[in-house]
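Novice: Hey, dropping start14.tsv in here, TSV, C-alpha atoms:
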chain	number	residue	atom	x	y	z
A	1	MET	CA	47.99	-30.85	-27.95
A	2	MET	CA	48.45	-33.04	-24.85
A	3	ASP	CA	49.24	-31.71	-21.37
A	4	ASP	CA	52.80	-30.89	-20.41
A	5	ILE	CA	55.82	-33.21	-20.51
A	6	LEU	CA	58.43	-33.40	-17.76
A	7	PHE	CA	61.82	-34.22	-19.32
A	8	LEU	CA	64.49	-35.47	-16.89
A	9	VAL	CA	67.98	-35.75	-18.37
A	10	HIS	CA	71.35	-36.41	-16.71
A	11	ARG	CA	73.29	-33.83	-18.75
A	12	ILE	CA	72.02	-30.54	-20.09
A	13	PRO	CA	71.06	-31.36	-23.69
A	14	PHE	CA	72.97	-28.44	-25.21
A	15	PRO	CA	75.24	-28.10	-27.01
A	16	PRO	CA	74.82	-31.48	-28.73
A	17	ASP	CA	78.57	-32.13	-28.71
A	18	ARG	CA	78.76	-35.73	-27.51
A	19	GLY	CA	76.81	-38.91	-28.16
A	20	ASP	CA	74.30	-38.84	-25.31
A	21	LYS	CA	73.65	-35.10	-25.71
A	22	ILE	CA	73.07	-35.40	-29.45
A	23	ARG	CA	70.31	-37.90	-28.72
A	24	SER	CA	68.80	-36.01	-25.77
A	25	PHE	CA	68.81	-32.69	-27.68
A	26	ASN	CA	66.99	-34.17	-30.66
A	27	ILE	CA	64.47	-35.95	-28.45
A	28	LEU	CA	63.86	-32.70	-26.59
A	29	LYS	CA	63.27	-30.88	-29.89
A	30	LYS	CA	60.80	-33.58	-30.89
A	31	LEU	CA	58.96	-33.43	-27.55
A	32	THR	CA	58.52	-29.64	-27.84
A	33	THR	CA	56.55	-30.21	-31.05
A	34	ILE	CA	54.16	-32.44	-29.13
A	35	ALA	CA	53.54	-30.50	-25.90
A	36	PRO	CA	55.04	-27.86	-23.56
A	37	VAL	CA	58.16	-29.32	-21.96
A	38	HIS	CA	59.66	-28.74	-18.52
A	39	CYS	CA	63.32	-29.79	-18.52
A	40	VAL	CA	65.24	-30.72	-15.37
A	41	CYS	CA	68.91	-31.62	-15.86
A	42	PHE	CA	72.45	-31.48	-14.54
A	43	ALA	CA	75.51	-29.58	-15.79
A	44	ASP	CA	78.99	-30.90	-15.12
A	45	ASP	CA	80.78	-27.53	-15.19
A	46	ASP	CA	80.28	-23.77	-15.47
A	47	GLU	CA	80.60	-23.83	-19.25
A	48	TYR	CA	77.62	-26.16	-19.55
A	49	MET	CA	75.69	-24.24	-16.89
A	50	ALA	CA	75.95	-21.17	-19.13
A	51	HIS	CA	74.38	-23.06	-22.05
A	52	GLY	CA	71.12	-23.10	-20.12
A	53	GLU	CA	70.36	-19.63	-21.45
A	54	THR	CA	70.56	-20.93	-25.01
A	55	LEU	CA	68.28	-23.84	-24.20
A	56	ARG	CA	65.72	-21.87	-22.17
A	57	PRO	CA	63.70	-20.44	-25.10
A	58	MET	CA	63.01	-23.98	-26.34
A	59	VAL	CA	61.14	-25.09	-23.22
A	60	SER	CA	58.36	-23.95	-20.91
A	61	SER	CA	60.66	-24.14	-17.90
A	62	LEU	CA	64.25	-25.17	-17.27
A	63	HIS	CA	66.08	-26.19	-14.11
A	64	VAL	CA	69.81	-26.85	-14.45
A	65	GLU	CA	71.53	-28.23	-11.36
A	66	SER	CA	75.31	-28.02	-11.00
A	67	ARG	CA	76.94	-31.42	-10.42
A	68	ARG	CA	80.33	-31.46	-8.75
A	69	THR	CA	80.41	-34.86	-6.98
A	70	SER	CA	83.63	-36.72	-7.80
A	71	THR	CA	83.71	-40.38	-8.74
A	72	ALA	CA	85.63	-41.17	-5.53
A	73	VAL	CA	83.01	-39.50	-3.32
A	74	SER	CA	80.17	-41.12	-5.29
A	75	SER	CA	81.82	-44.52	-4.86
A	76	LEU	CA	82.15	-44.09	-1.09
A	77	LYS	CA	78.52	-43.02	-0.81
A	78	ALA	CA	77.46	-45.99	-2.93
A	79	LEU	CA	79.34	-48.43	-0.69
A	80	ALA	CA	77.82	-46.84	2.41
A	81	THR	CA	74.25	-46.90	1.11
A	82	GLY	CA	74.30	-50.12	-0.91
A	83	LYS	CA	73.31	-48.23	-4.08
A	84	PRO	CA	74.94	-48.19	-7.53
A	85	VAL	CA	77.60	-45.51	-8.03
A	86	SER	CA	75.64	-44.36	-11.10
A	87	LEU	CA	72.82	-43.22	-8.81
A	88	THR	CA	74.84	-41.61	-6.03
A	89	ALA	CA	76.81	-39.65	-8.64
A	90	PHE	CA	73.57	-37.97	-9.73
A	91	ASN	CA	71.77	-37.76	-6.39
A	92	SER	CA	70.43	-34.29	-5.56
A	93	ALA	CA	67.90	-33.11	-2.99
A	94	ALA	CA	67.39	-29.94	-5.06
A	95	VAL	CA	66.46	-31.91	-8.18
A	96	ARG	CA	64.14	-34.14	-6.16
A	97	ALA	CA	62.39	-31.05	-4.77
A	98	LYS	CA	62.10	-29.46	-8.22
A	99	VAL	CA	60.53	-32.60	-9.70
A	100	SER	CA	58.00	-32.73	-6.83
A	101	GLU	CA	57.17	-29.06	-7.37
A	102	LEU	CA	56.57	-29.48	-11.10
A	103	LEU	CA	54.41	-32.56	-10.63
A	104	ARG	CA	52.40	-30.70	-8.00
A	105	GLU	CA	51.98	-27.36	-9.75
A	106	ARG	CA	51.97	-28.15	-13.49
A	107	ASP	CA	49.59	-30.16	-15.63
A	108	ILE	CA	52.12	-32.89	-16.36
A	109	ASP	CA	50.75	-35.68	-18.54
A	110	THR	CA	53.99	-37.59	-19.25
A	111	VAL	CA	57.30	-38.02	-17.47
A	112	PHE	CA	60.03	-38.76	-20.02
A	113	VAL	CA	63.30	-39.87	-18.42
A	114	PHE	CA	66.57	-39.87	-20.36
A	115	SER	CA	69.26	-42.18	-18.92
A	116	GLY	CA	68.83	-44.51	-15.97
A	117	GLN	CA	70.47	-42.19	-13.43
A	118	MET	CA	67.44	-39.88	-13.58
A	119	ALA	CA	64.84	-42.60	-12.88
A	120	GLN	CA	65.54	-42.20	-9.14
A	121	TYR	CA	63.52	-38.96	-9.31
A	122	VAL	CA	60.32	-40.56	-10.59
A	123	PRO	CA	57.86	-41.05	-7.69
A	124	ILE	CA	56.39	-44.50	-7.14
A	125	ASP	CA	52.90	-43.01	-7.41
A	126	LEU	CA	52.64	-40.92	-10.57
A	127	GLY	CA	48.92	-40.40	-10.25
A	128	GLY	CA	48.10	-42.02	-13.57
A	129	ARG	CA	50.72	-40.08	-15.54
A	130	GLN	CA	52.57	-41.83	-18.35
A	131	PHE	CA	56.18	-42.81	-17.66
A	132	ILE	CA	58.56	-43.25	-20.64
A	133	MET	CA	62.05	-44.48	-19.73
A	134	ASP	CA	64.83	-44.01	-22.29
A	135	PHE	CA	67.71	-46.08	-20.96
A	136	VAL	CA	69.60	-45.43	-24.24
A	137	ASP	CA	72.01	-48.30	-23.52
A	138	MET	CA	71.95	-51.17	-21.06
A	139	ASP	CA	74.48	-49.58	-18.71
A	140	SER	CA	74.65	-52.60	-16.42
A	141	ALA	CA	75.96	-54.64	-19.35
A	142	LYS	CA	78.58	-51.96	-20.01
A	143	PHE	CA	79.90	-52.35	-16.46
A	144	SER	CA	80.01	-56.12	-16.96
A	145	ASP	CA	82.20	-55.46	-20.00
A	146	TYR	CA	84.43	-53.17	-17.92
A	147	ALA	CA	84.78	-55.89	-15.28
A	148	ALA	CA	85.95	-58.40	-17.87
A	149	ASP	CA	88.93	-56.18	-18.70
A	150	ALA	CA	89.69	-55.00	-15.14
A	151	HIS	CA	91.76	-56.51	-12.31
A	152	GLY	CA	91.79	-56.43	-8.53
A	153	PRO	CA	89.51	-53.99	-6.67
A	154	MET	CA	88.26	-52.35	-9.89
A	155	ARG	CA	86.97	-55.69	-11.18
A	156	TRP	CA	85.04	-56.12	-7.93
A	157	MET	CA	83.64	-52.57	-8.17
A	158	TYR	CA	82.55	-53.00	-11.78
A	159	ARG	CA	80.90	-56.33	-11.02
A	160	ARG	CA	79.09	-54.76	-8.06
A	161	GLU	CA	77.94	-51.86	-10.22
A	162	ALA	CA	76.69	-54.19	-12.95
A	163	ARG	CA	74.72	-56.29	-10.47
A	164	LYS	CA	73.15	-53.45	-8.52
A	165	LEU	CA	72.49	-51.30	-11.56
A	166	PHE	CA	70.70	-54.12	-13.37
A	167	ALA	CA	68.43	-54.70	-10.36
A	168	PHE	CA	67.57	-50.99	-10.49
A	169	GLU	CA	67.07	-51.00	-14.28
A	170	LYS	CA	64.77	-53.99	-14.07
A	171	ASN	CA	62.66	-52.40	-11.31
A	172	VAL	CA	62.38	-49.14	-13.25
A	173	ALA	CA	61.39	-50.93	-16.46
A	174	ARG	CA	58.61	-52.77	-14.63
A	175	ARG	CA	57.17	-49.43	-13.51
A	176	ALA	CA	57.51	-47.63	-16.86
A	177	ASN	CA	54.87	-47.70	-19.58
A	178	ARG	CA	57.68	-48.15	-22.10
A	179	SER	CA	61.42	-48.62	-21.85
A	180	LEU	CA	63.47	-47.49	-24.82
A	181	PHE	CA	66.92	-48.47	-26.06
A	182	VAL	CA	69.03	-47.05	-28.85
A	183	SER	CA	69.05	-50.23	-30.93
A	184	GLU	CA	67.08	-53.43	-31.31
A	185	THR	CA	70.22	-55.30	-30.19
A	186	GLU	CA	70.21	-53.44	-26.85
A	187	ALA	CA	66.44	-53.81	-26.48
A	188	ALA	CA	66.62	-57.55	-27.16
A	189	LEU	CA	69.43	-57.95	-24.64
A	190	PHE	CA	67.39	-56.19	-21.96
A	191	ARG	CA	64.27	-58.21	-22.78
A	192	GLU	CA	66.30	-61.41	-22.46
A	193	HIS	CA	67.71	-60.46	-19.05
A	194	SER	CA	64.62	-58.77	-17.60
A	195	GLY	CA	61.94	-61.12	-18.87
A	196	LEU	CA	59.88	-58.18	-20.14
A	197	GLY	CA	58.15	-58.35	-23.50
A	198	ALA	CA	58.35	-56.41	-26.76
A	199	ASN	CA	55.43	-54.14	-25.81
A	200	ALA	CA	57.30	-52.93	-22.74
A	201	VAL	CA	60.84	-52.76	-24.15
A	202	GLN	CA	61.40	-51.19	-27.57
A	203	ALA	CA	64.09	-49.66	-29.75
A	204	LEU	CA	64.22	-45.95	-30.57
A	205	GLU	CA	67.27	-45.42	-32.75
A	206	ASN	CA	69.67	-42.53	-33.05
A	207	GLY	CA	69.64	-40.37	-36.13
A	208	ILE	CA	72.00	-37.97	-37.84
A	209	ASP	CA	71.67	-34.37	-38.99
A	210	PHE	CA	72.80	-35.10	-42.53
A	211	ARG	CA	72.24	-31.48	-43.55
A	212	PHE	CA	74.88	-30.39	-41.03
A	213	PHE	CA	77.21	-33.32	-41.66
A	214	ASP	CA	77.34	-32.65	-45.38
A	215	PRO	CA	80.63	-33.06	-47.23
A	216	SER	CA	79.63	-30.35	-49.72
A	217	LEU	CA	79.56	-27.80	-46.87
A	218	ALA	CA	82.77	-28.81	-45.10
A	219	ILE	CA	85.98	-27.40	-46.51
A	220	PRO	CA	89.06	-29.39	-45.45
A	221	ASP	CA	91.54	-27.24	-43.56
A	222	ALA	CA	94.75	-26.98	-45.60
A	223	GLU	CA	96.93	-27.22	-42.46
A	224	ILE	CA	95.18	-30.41	-41.39
A	225	ARG	CA	95.32	-31.94	-44.84
A	226	ARG	CA	99.02	-31.65	-45.56
A	227	ASN	CA	101.87	-33.92	-44.43
A	228	GLY	CA	100.57	-37.34	-45.38
A	229	PRO	CA	97.51	-39.60	-45.18
A	230	LEU	CA	95.26	-38.84	-42.24
A	231	ILE	CA	93.43	-41.37	-40.04
A	232	VAL	CA	90.89	-39.83	-37.66
A	233	PHE	CA	89.09	-40.96	-34.52
A	234	THR	CA	86.44	-38.70	-32.96
A	235	GLY	CA	84.89	-38.80	-29.51
A	236	GLN	CA	84.74	-37.49	-25.95
A	237	MET	CA	88.24	-38.31	-24.76
A	238	ASP	CA	87.61	-38.69	-21.04
A	239	TYR	CA	85.20	-41.58	-21.75
A	240	ARG	CA	86.71	-44.97	-20.91
A	241	PRO	CA	85.66	-46.90	-24.08
A	242	ASN	CA	87.13	-44.12	-26.27
A	243	ILE	CA	90.36	-44.05	-24.25
A	244	ASP	CA	90.66	-47.82	-24.58
A	245	ALA	CA	89.97	-47.63	-28.32
A	246	VAL	CA	92.63	-45.04	-29.19
A	247	THR	CA	95.35	-46.48	-26.93
A	248	SER	CA	94.79	-49.96	-28.35
A	249	PHE	CA	94.80	-48.68	-31.94
A	250	ALA	CA	97.89	-46.51	-31.39
A	251	ASN	CA	99.85	-49.29	-29.70
A	252	ASP	CA	98.78	-52.31	-31.75
A	253	SER	CA	97.66	-51.18	-35.21
A	254	PHE	CA	99.20	-47.80	-35.98
A	255	PRO	CA	102.86	-48.96	-35.91
A	256	ALA	CA	102.07	-51.53	-38.63
A	257	ILE	CA	100.31	-48.82	-40.63
A	258	ARG	CA	103.36	-46.53	-40.31
A	259	ASN	CA	105.62	-49.35	-41.48
A	260	ALA	CA	103.59	-49.61	-44.68
A	261	VAL	CA	102.78	-45.89	-45.01
A	262	PRO	CA	105.61	-43.98	-43.24
A	263	ASP	CA	103.94	-40.55	-43.46
A	264	ALA	CA	100.54	-41.72	-42.14
A	265	ARG	CA	99.11	-39.72	-39.23
A	266	PHE	CA	96.58	-40.65	-36.54
A	267	ALA	CA	94.49	-37.78	-35.17
A	268	ILE	CA	92.47	-38.21	-31.96
A	269	VAL	CA	89.85	-35.47	-32.12
A	270	GLY	CA	87.65	-34.71	-29.13
A	271	ARG	CA	87.12	-32.80	-25.90
A	272	LYS	CA	88.87	-33.42	-22.58
A	273	PRO	CA	91.69	-35.81	-23.49
A	274	THR	CA	93.05	-37.47	-20.36
A	275	ALA	CA	96.74	-37.70	-19.48
A	276	GLU	CA	96.64	-41.29	-20.74
A	277	VAL	CA	95.48	-40.05	-24.14
A	278	GLU	CA	97.98	-37.17	-24.24
A	279	LYS	CA	100.83	-39.65	-23.69
A	280	ILE	CA	100.07	-41.26	-27.04
A	281	THR	CA	101.50	-38.18	-28.79
A	282	ALA	CA	104.95	-39.52	-27.90
A	283	GLN	CA	104.46	-41.93	-30.79
A	284	PRO	CA	105.49	-40.59	-34.22
A	285	GLY	CA	102.53	-39.44	-36.30
A	286	VAL	CA	99.98	-39.24	-33.45
A	287	ILE	CA	98.03	-35.99	-32.95
A	288	VAL	CA	95.71	-35.19	-30.00
A	289	THR	CA	93.65	-32.10	-30.74
A	290	GLY	CA	91.42	-31.63	-27.71
A	291	GLY	CA	88.18	-29.80	-28.43
A	292	VAL	CA	87.87	-28.31	-31.93
A	293	VAL	CA	85.67	-25.53	-33.31
A	294	ASP	CA	84.12	-27.66	-36.04
A	295	ILE	CA	84.67	-31.40	-36.14
A	296	ARG	CA	83.59	-31.47	-39.79
A	297	SER	CA	86.91	-29.96	-40.87
A	298	TRP	CA	88.76	-32.97	-39.44
A	299	LEU	CA	86.27	-35.44	-40.88
A	300	ALA	CA	86.48	-33.75	-44.28
A	301	ALA	CA	90.30	-33.87	-44.23
A	302	ALA	CA	90.49	-37.54	-43.23
A	303	ASP	CA	91.46	-40.29	-45.63
A	304	VAL	CA	90.08	-42.95	-43.29
A	305	ILE	CA	87.91	-42.74	-40.17
A	306	VAL	CA	88.46	-45.43	-37.53
A	307	ALA	CA	86.11	-46.60	-34.77
A	308	PRO	CA	88.15	-49.37	-33.09
A	309	LEU	CA	85.99	-49.67	-29.99
A	310	ARG	CA	86.25	-52.87	-27.95
A	311	ILE	CA	83.53	-51.80	-25.50
A	312	ALA	CA	80.52	-50.22	-27.19
A	313	ARG	CA	76.79	-50.18	-26.67
A	314	GLY	CA	73.97	-49.17	-28.99
A	315	ILE	CA	74.53	-46.98	-32.03
A	316	GLN	CA	77.78	-45.04	-32.35
A	317	ASN	CA	77.13	-41.45	-33.41
A	318	LYS	CA	80.75	-41.13	-34.49
A	319	VAL	CA	80.13	-43.78	-37.14
A	320	LEU	CA	76.92	-42.15	-38.39
A	321	GLU	CA	78.67	-38.76	-38.59
A	322	ALA	CA	81.53	-40.20	-40.63
A	323	MET	CA	79.07	-41.97	-42.93
A	324	ALA	CA	77.12	-38.74	-43.43
A	325	MET	CA	80.37	-36.99	-44.35
A	326	GLY	CA	80.94	-39.56	-47.10
A	327	LYS	CA	84.04	-41.08	-45.54
A	328	ALA	CA	85.60	-44.51	-45.71
A	329	ILE	CA	85.31	-46.08	-42.25
A	330	VAL	CA	87.01	-48.99	-40.53
A	331	ALA	CA	84.91	-50.01	-37.52
A	332	SER	CA	85.19	-52.81	-35.02
A	333	LYS	CA	82.35	-55.29	-34.73
A	334	ALA	CA	81.32	-53.64	-31.44
A	335	ALA	CA	81.19	-50.17	-33.03
A	336	PHE	CA	79.22	-51.50	-36.00
A	337	GLU	CA	76.68	-53.44	-33.93
A	338	GLY	CA	73.28	-51.75	-33.95
A	339	ILE	CA	73.89	-49.83	-37.18
A	340	ASP	CA	71.76	-50.84	-40.14
A	341	ALA	CA	74.37	-50.84	-42.90
A	342	VAL	CA	76.09	-53.33	-45.20
A	343	PRO	CA	79.75	-54.22	-44.53
A	344	ASP	CA	82.04	-53.70	-47.54
A	345	ARG	CA	79.37	-51.59	-49.22
A	346	ASP	CA	78.90	-48.78	-46.66
A	347	LEU	CA	81.94	-49.32	-44.41
A	348	VAL	CA	84.60	-51.86	-43.48
A	349	VAL	CA	84.16	-53.98	-40.35
A	350	ALA	CA	87.45	-55.30	-39.02
A	351	GLU	CA	88.56	-56.69	-35.71
A	352	LYS	CA	91.88	-55.89	-34.06
A	353	THR	CA	94.02	-58.38	-35.98
A	354	ALA	CA	92.74	-57.12	-39.34
A	355	GLU	CA	92.54	-53.42	-38.47
A	356	ALA	CA	95.93	-52.30	-39.79
A	357	ASP	CA	95.56	-54.13	-43.10
A	358	ALA	CA	92.07	-52.68	-43.60
A	359	VAL	CA	93.32	-49.11	-43.05
A	360	ILE	CA	96.39	-49.60	-45.24
A	361	GLY	CA	94.25	-51.02	-48.02
A	362	LEU	CA	91.97	-47.97	-47.97
A	363	ILE	CA	94.87	-45.49	-47.85
A	364	GLU	CA	96.29	-47.13	-50.95
A	365	ASP	CA	92.99	-47.36	-52.85
A	366	ALA	CA	91.40	-43.93	-53.36
A	367	GLU	CA	88.75	-45.33	-55.69
A	368	ARG	CA	87.50	-47.75	-53.04
A	369	ARG	CA	87.51	-44.98	-50.41
A	370	ASP	CA	85.33	-42.82	-52.62
A	371	ARG	CA	82.98	-45.69	-53.40
A	372	LEU	CA	82.51	-46.59	-49.74
A	373	GLY	CA	82.03	-42.96	-48.76
A	374	ALA	CA	79.39	-42.30	-51.41
A	375	ALA	CA	77.45	-45.43	-50.41
A	376	ALA	CA	77.66	-44.52	-46.73
A	377	ARG	CA	76.33	-41.01	-47.33
A	378	LYS	CA	73.47	-42.29	-49.48
A	379	HIS	CA	72.47	-44.86	-46.88
A	380	VAL	CA	72.51	-42.44	-43.94
A	381	VAL	CA	70.34	-39.90	-45.77
A	382	SER	CA	67.71	-42.51	-46.60
A	383	ARG	CA	67.78	-44.41	-43.29
A	384	TYR	CA	68.86	-42.21	-40.37
A	385	SER	CA	67.22	-38.78	-40.48
A	386	TRP	CA	66.12	-37.64	-37.00
A	387	ASP	CA	62.59	-36.99	-38.26
A	388	SER	CA	62.33	-40.58	-39.37
A	389	VAL	CA	63.85	-42.35	-36.38
A	390	LEU	CA	61.93	-40.27	-33.80
A	391	ALA	CA	58.56	-40.54	-35.57
A	392	PRO	CA	57.47	-43.45	-33.30
A	393	LEU	CA	57.37	-41.04	-30.34
A	394	ASP	CA	54.06	-39.64	-31.63
A	395	ASP	CA	52.40	-43.01	-31.25
A	396	MET	CA	54.14	-43.76	-27.94
A	397	LEU	CA	52.85	-40.52	-26.48
A	398	GLY	CA	49.38	-40.98	-27.95
A	399	VAL	CA	49.33	-38.03	-30.33
A	400	SER	CA	48.75	-37.71	-34.07
A	401	PRO	CA	51.95	-36.98	-35.97
A	402	PRO	CA	52.12	-33.59	-37.70
A	403	THR	CA	51.83	-33.46	-41.47
A	404	VAL	CA	55.23	-32.56	-42.89
A	405	GLU	CA	56.63	-32.21	-46.36
A	406	THR	CA	59.49	-34.55	-47.13
A	407	SER	CA	62.43	-33.80	-49.35
A	408	GLN	CA	65.25	-35.84	-50.74
A	409	ALA	CA	68.87	-34.98	-50.09
A	410	ALA	CA	71.95	-36.56	-51.53
Could you rewrite the structure in this file as structure tokens?
Specialist:
Amino acid sequence: MMDDILFLVHRIPFPPDRGDKIRSFNILKKLTTIAPVHCVCFADDDEYMAHGETLRPMVSSLHVESRRTSTAVSSLKALATGKPVSLTAFNSAAVRAKVSELLRERDIDTVFVFSGQMAQYVPIDLGGRQFIMDFVDMDSAKFSDYAADAHGPMRWMYRREARKLFAFEKNVARRANRSLFVSETEAALFREHSGLGANAVQALENGIDFRFFDPSLAIPDAEIRRNGPLIVFTGQMDYRPNIDAVTSFANDSFPAIRNAVPDARFAIVGRKPTAEVEKITAQPGVIVTGGVVDIRSWLAAADVIVAPLRIARGIQNKVLEAMAMGKAIVASKAAFEGIDAVPDRDLVVAEKTAEADAVIGLIEDAERRDRLGAAARKHVVSRYSWDSVLAPLDDMLGVSPPTVETSQAA
């Protein structure tokens, strides 16, 4: 076993209830099989702070720092200091001191950083330690996408963030032994813009817990299931790309679907819906659930899952989860990008103008829904297990992979 690993992550990786935390939690689990892990992270509220006690037995040490800085304050600090907002939002003297203490007092062999915001805590001189940087997505490109859809001062702010954040990303990647991205598409984009090669910038994909997201284990809730065909979107509902996706779908595609299928319903399922999302319930047939106890009950009850994202980076966990649940999916090109699957065999890929027709067609064709769902489930099981997609970490960290028994699941 190698010396200890320092794992820096921008949100406490438990519970794995949103895309970034699903990835960070599974990477953390993998790292603990390789070496003792010291985890330093932030929590956005008291509920997540409390989850530290659940996470603590997994690791050799855990430091969870409360983060309360608002976006407005972070933006003002960023303008005053010339830094990206993404960094000032996660700036903490206490975290910086804790990282210095661990590097000084523990036998740290590798610093593994999850998400670019945390790279500001990696000292310039690591004393020969290995530095693995998991950017997940190219966040600077995401802010460029935001700028394209924004107006006035917000367009200027997004453009500024994209420019400054990319300069930071590029500098970090030049220091790191390896920089990781969630898909080859993201990795190739970063290589193109940074000028770094394939040895320095690589893909490490997301996986899916197909044993948890198993349609044979999920019993559709009778209350959810009644009252007409159900279309479901899942996601963290204070996240701008998700807000954009559901408002666009509700305003532009769902009315046409209701014209063809008058009792169709559109359920927006996910934590922390904003006021903008809540307003959509004024439209007939739209449901906003907020956080739910078990998302599988909504997935199991759905006739069609939609992922109509216009702004998306990397691999969408919501799509993998729906595939694992054996559901017919209509995804935008942006939501599909990065996923190794076959359109019209495993899911339907449709842009905005074809979205309504694609959903209507699936609602009216149960046989096709079942066929797509079965193919999607089969593909996810064979291609996207976490054990499989995270196996390259053994080689990246210079250790021999453990011998494990494999089993087939359907």
Novice: How far is it from CA of Arg258 in chain A to CA of Asp346 in chain A, in Å with one decimal?
Specialist: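 Those two atoms sit 25.4 Å apart.
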Novice: I'd like to know which of A:Ile315, A:Ala391, A:Ala148, A:Ile208 is closest to Glu186 in chain A, using all atoms listed in the file.
Specialist: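 Using all atoms listed in the file, the shortest distance to Glu186 in chain A belongs to A:Ile315.
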Novice: Using all atoms listed in the file for the distances, tell me which of A:Ala328, A:Val399, A:Val122, A:Met157 is nearest to Ala78 in chain A.
Specialist: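 Between A:Ala328, A:Val399, A:Val122, A:Met157, the residue approaching Ala78 in chain A most closely is A:Met157.
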Novice: Measuring atom to atom with all atoms listed in the file, identify which of A:Glu321, A:Glu355, A:Asp370, A:Glu105 is nearest to Asp17 in chain A.
Specialist: A:Glu321
Novice: Which residues, written as a VMD selection string, have at least one atom at most 12 Å from range 178-180 of chain A, with only C-alpha atoms counted and residues fewer than 4 positions away on the same chain left out?
Specialist: chain A and resid 110 to 116 119 130 to 138 169 to 174 184 to 188 190 to 191 194 196 to 206 314 390 392 to 393 395 to 397
Novice: If I take CA of Ala334 in chain A and CA of Ile311 in chain A, how far is one from the other in Å, to one decimal?
Specialist: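 It comes out at 6.6 Å.
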Novice: Considering only C-alpha atoms, state which residue in the set A:Pro13, A:Pro84, A:Pro262, A:Pro153 is at the smallest distance from Leu55 in chain A.
Specialist: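 Checking each of A:Pro13, A:Pro84, A:Pro262, A:Pro153 against Leu55 in chain A, counting only C-alpha atoms, the winner is A:Pro13.
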Novice: So that I can see what lies close to Thr274 in chain A, please list as a list in words the residues with an atom at most 12 Å from it, counting only C-alpha atoms and leaving out residues fewer than 4 positions away in the same chain.
Specialist: Gln236, Met237, Asp238, Tyr239, Arg240, Asn242, Ile243, Asp244, Val246, Thr247, Ile268, Gly270, Glu278, Lys279, Ile280, Thr281, Val288, Thr289 and Gly290 of chain A
Novice: Mind giving me the straight-line distance from CA of Met118 in chain A to CA of Phe168 in chain A in Å, one decimal?
Specialist: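 One can read the CA of Met118 in chain A to CA of Phe168 in chain A distance as 11.5 Å.
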Novice: Nearest residue to Pro229 in chain A out of A:Ala89, A:Leu189, A:Ala341, A:Val261, using all atoms listed in the file?
Specialist: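 Closest to Pro229 in chain A of all the choices is A:Val261.
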Novice: Could you tell me which of A:Ser388, A:Leu309, A:Lys378, A:His51 comes closest to Ala350 in chain A if we count only C-alpha atoms?
Specialist: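 Once distances to Ala350 in chain A are computed over only C-alpha atoms, the minimum belongs to A:Leu309.
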Novice: For the point (50.3, -33.6, -14.9) in file coordinates, what residues are within 8 Å, counting all atoms listed in the file? Give the answer as a JSON list (two decimals) with C-alpha atoms, in the frame of the given file?
Specialist:
[["chain", "number", "residue", "atom", "x", "y", "z"],
["A", 3, "ASP", "CA", 49.24, -31.71, -21.37],
["A", 4, "ASP", "CA", 52.80, -30.89, -20.41],
["A", 5, "ILE", "CA", 55.82, -33.21, -20.51],
["A", 103, "LEU", "CA", 54.41, -32.56, -10.63],
["A", 104, "ARG", "CA", 52.40, -30.70, -8.00],
["A", 106, "ARG", "CA", 51.97, -28.15, -13.49],
["A", 107, "ASP", "CA", 49.59, -30.16, -15.63],
["A", 108, "ILE", "CA", 52.12, -32.89, -16.36],
["A", 109, "ASP", "CA", 50.75, -35.68, -18.54],
["A", 110, "THR", "CA", 53.99, -37.59, -19.25],
["A", 129, "ARG", "CA", 50.72, -40.08, -15.54]]
Novice: Do a neighbour search on Phe14 in chain A at 9 Å with all atoms listed in the file, toss out local chain neighbours closer than 6 positions, and write the hits as an MDAnalysis selection string.
Specialist: chainID A and resid 21:22 24:25 48 51:52 54:55
Novice: Applying 6 Å and all atoms listed in the file, which residues near Arg265 in chain A remain after dropping the ones on its own chain fewer than 3 positions away? List them as a ChimeraX atom specification.
Specialist: /A:230-231,285-286
Novice: Quick one: residues within 10 Å of Leu217 in chain A, only C-alpha atoms counted, chain neighbours fewer than 3 positions away excluded, as a ChimeraX atom specification?
Specialist: /A:211-214,220,296-297,300,325
